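Q: First, the structure itself, so that you have it in front of you.
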Amino acid sequence: MSLGWKRAAPWATAALVFLISIAVSATAGTERLHPTLRAWASASSARLSPSGAGVARLPLPGGDGPFVAPLPELILRFLGDLERVPVLVKAVRPVGGMHFAGLPIRANTGTIVSVAVTLGELLRLAEDDGVVYIEPAWKAAPKLDVSLSTIGMPYVRSAYPGLTGEGVVVGVVDTGIDYLHLDFRYDDDGDEFEESSRITAIWDQTEGLFGTYYSRAEIEADIALELGPQSGVVRQHDNEGHGSRVAGILVSDGSSSTAGIAGIAPGAELIVVKTPFYTTDILAGVEYIFEEAGLRGLPAVVNLSLGGHAGPHDGTSLFEQGLDELVDRPGRVIVVSAGNEGDQSIHISRVLFGNSTSFAISPSSASVEASLWYPGSAHFDVTVALPGGLLLEVPFGETGSASTENGDLYVDNAAAGANPSNGFHEATLRLSGAGGGQLWGVSVTDRAGGGRFHGWITSGEAEFIGGDATHTIAEPGNALRVITVGSYNSRASWPSLAGTQDFTSSYPLGALTSFSSAGPTMDGRQKPDLTAPGAWILSSRSGSAWVQNYVVHTDGVHEASLGTSFAAPHVAGVAALMLSIDPTMTWTEVRDILIDSAGQDAHTASPPDSRWGYGKLSAPAAVNAVEPSPGDGGDGDGPGPLGRVRIETTTNPATEIASFVYQLPERATWAVLRIYSVTGRLLYETALDPGGERVDWGLTTANGLRAASGLYLFLVVSDAGRSPVERLVIRR
């Protein structure tokens, strides 16, 4: 498969269509070819002029002689570099086996297969009455830009073509959604108008006393009448755009443009809660999603790309406890973003035993709040030096306040005793009317007991002078029963309405995103659990949100974003795929597979790490580790019964040849060995003898290229099931 063709084809299409308008191939069956492929057939058979490249002689309709026309450089490069072109073929009936019309099948979704063809093979396919239509592969290769490739989704799409999250509810509690966006709609009746919504329900908590509920029927009625939130029944809109982008990563089908920007679980049912972001509303939103899923008898994954730092960061805040209580049965999973404070000194920690320590708060907003948490057995005094020289001393168990021309201060030093949730004392400091550039000095003195304290900026914009960025996982990411996700860089450039953007120097590919919050929790537990792509992610743009042109993709309906908010839905989407395989999985089983299957590379640290967690999300490894629930017959559309098909290599590492030993069930009639790169790109496949036991690979790709040293993935796919994914090391 040529990646160069996939990149060039969208730009080359317009020029190729021009050539089609002046040339008609005499070959029968070309009406079954996409216009780009028809142009390729015409241009390939043309004679270049003696004066050099750039002119093609194409036959006029009726065969009245050649028409001389410019041949664009992109087409010349395309014709000269490729022997085979990847295409998608729509067949009259479902396709079985490993070949179609004598060509190896690269992917099979039923009646649509992917094959790579020469020009002659393409023309023969076009004459085949078993073929409905043929398209170039670039047009129908859904992926969430490079982020899905980074986590291995191309492998999942190829190995499990029917695995789309069907039978799972995905919930988003966020700023709302652009329900009119084509990424969340589909054409159910074949009239080329996407009248059906993939949104099951919307609860707009920001409207009315108890919020407003909208059903799928109401959404689709507005779509049918071409009404929007200003005039239709559904008045919910996403003015911020954050929720639409999160939902796009999860479930977009990419149908809004030809850019191929799709989500991870487009077959899942989507429930959206537009929230005002109070913790009470967020809890209610999560509960609503789980209850709606329960009424449908479906498992659910809830994505929370939100957070704050009010609380002890140990999972004992009522907000986090409430979330933990909602994950009380199989088929319920909550995924949370880690936070974006990994490069900010919003945390302070010191150990005191009969001594004092000092630091300062540097506010950049008028109002700032901070909290210090220290052991319940300790008695700490707090003294604040206000700008201008005034000192406010607040002994343990008391409150104090001060007002000056430089601002006001209120301190509560555990006046109500220890927090009953965790037994710790909390000292809170509230600054108001503070001016930027002024330092508020803080001194903490141990009067009895001693121990370590932790403090956070909980509200406003400020930093601790003498502080750090550890323990910055935002609540509710410290909860015991949530999966917490950090961010790494998967993209640094994109075509935008303001021209091509390039942030490579600030966001080196593969590296941890600088702002990704760090663990551990205050009680020492590992967080985050793992990382996923979070910069820069292209996803669905809300039509109600204003954004700057430099982040808007050239298709106008997607935009680039960065933040752990956009890393979390990558993991939530993969969790939905896992629940689609086994809906009885518990949150612990989902989390354990995700962290056990997480990958490491030159950028990650030894796991577990306070910023990387257990490594980078690997969709192929996670999906392959899930055993189907009892009763899964392995019909070929889903993952199938793992473990019944076996394969292992007898040469690991391999230097010149890799030898494999495999075992298939007796009922298997066909099987294929597939070799993938660690990023999930299919490199090689070969048919296996169902009655055989051994096969060799010469360490070359399907294009005849020599496979480089490194780590590769391999498995067997058959009509009787699939093997687990195994690893092969090539060492030249």
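Please note that chains go A, B, ... in the order of the structure tokens, that every chain numbers its residues from 1, and that ligands are numbered from 1 in the order shown.
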Neighbours of Ser487 of chain A within 8 Å (only C-alpha atoms; same-chain residues fewer than 2 positions away dropped), as a CSV table (one decimal) with C-alpha atoms, in the first residue's frame?
A:
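Below is the file that was written, part22.csv:
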chain,number,residue,atom,x,y,z
A,485,VAL,CA,-5.5,9.9,31.2
A,489,ASN,CA,2.0,14.9,21.3
A,512,LEU,CA,4.9,14.0,26.8
A,513,THR,CA,2.8,17.2,26.4
A,516,SER,CA,0.0,17.1,31.2
A,531,THR,CA,-1.4,8.5,28.3
A,532,ALA,CA,-3.0,9.1,24.9
A,533,PRO,CA,-2.8,11.7,22.1
A,534,GLY,CA,-3.7,15.2,23.4
A,535,ALA,CA,-1.9,17.6,21.0
A,563,GLY,CA,-5.3,19.3,26.3
A,564,THR,CA,-5.7,16.1,28.3
A,567,ALA,CA,-6.6,12.5,25.4
Q: Please extract the residues of segment 345-487 of chain A with a backbone DSSP assignment of strand (DSSP E) and present them as a count of residues only.
A: 80
Q: Using only C-alpha atoms, which of the listed residues (A:Gly543, A:Pro724, A:Gly467, A:Gly339) sits closest to Gly228 of chain A?
A: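 Looking at the shortest contact to Gly228 of chain A, the residue is A:Gly543.
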Q: Residues near Leu431 of chain A, anyone? I mean within 8 Å using only C-alpha atoms, not counting same-chain ones fewer than 6 positions away, as a list in words.
A: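 Skipping anything fewer than 6 positions along the chain leaves Ala366, Ser367, Val368, Glu369, Gly407, Asp408, Leu409 and Tyr410 of chain A.
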Q: Excluding same-chain residues fewer than 5 positions from Trp587 of chain A, what lies within 9 Å of it counting only C-alpha atoms, as a list of chain:residue names?
A: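 Contacts, in chain order: A:Val327, A:Asp328, A:Arg329, A:Pro330, A:Gly331, A:Arg332, A:Val333, A:Ile334, A:Arg481, A:Val482, A:Ile483, A:Asp592.
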Q: May I have the residues within 9 Å of segment 273-282 of chain A as an MDAnalysis selection string, using only C-alpha atoms and disregarding those fewer than 3 positions away in the same chain?
A: chainID A and resid 171:177 201:206 236:238 243 285:289 304 306:307 319
Q: I want to know what sits within 8 Å of segment 99-102 of chain A, based on only C-alpha atoms, with residues of the same chain fewer than 3 positions away left out; could you give that as a list of chain:residue names?
A: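 Surrounding residues, per the criterion: A:Val95, A:Gly96, A:Ile105, A:Val113, A:Leu125.
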Q: Which residues are near Gly241 of chain A? Cut-off 6 Å, only C-alpha atoms, ignore same chain within fewer than 3 positions. Put them as a list of chain:residue names.
A: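 The neighbour list is A:Asp238, A:Ser244, A:Ser542, A:Ala545.
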Q: Please return as a ChimeraX atom specification: the residues of segment 446-609 of chain A that backbone DSSP assigns to helix (DSSP H, G or I).
A: /A:549-551,564-566,568-581,587-596
Q: Could you tell me how far atom CA of Glu269 of chain A sits from atom CA of Ser252 of chain A, in Å to one decimal place?
A: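 Atom-to-atom, atom CA of Ser252 of chain A to atom CA of Glu269 of chain A, that is 11.0 Å.
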Q: Just the number, please: distance in Å from atom CA of Ser677 of chain A to atom CA of Tyr712 of chain A, one decimal.
A: 5.0 Å
Q: So how far away is atom CA of Pro375 of chain A from atom CA of Gly354 of chain A, in Å?
A: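 About the pair atom CA of Gly354 of chain A and atom CA of Pro375 of chain A: they are 14.0 Å apart.
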Q: Which is closest to His347 of chain A among A:Gly267, A:Gly211, A:Gly436, A:Pro520, if we use only C-alpha atoms?
A: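 So, comparing all the options, the nearest one is A:Pro520.
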Q: Of the candidates A:Ala402, A:Leu209, A:Ala415, A:Ile473, which one gets nearest to Gly315 of chain A if we count only C-alpha atoms?
A: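 Between A:Ala402, A:Leu209, A:Ala415, A:Ile473, the residue approaching Gly315 of chain A most closely is A:Ile473.
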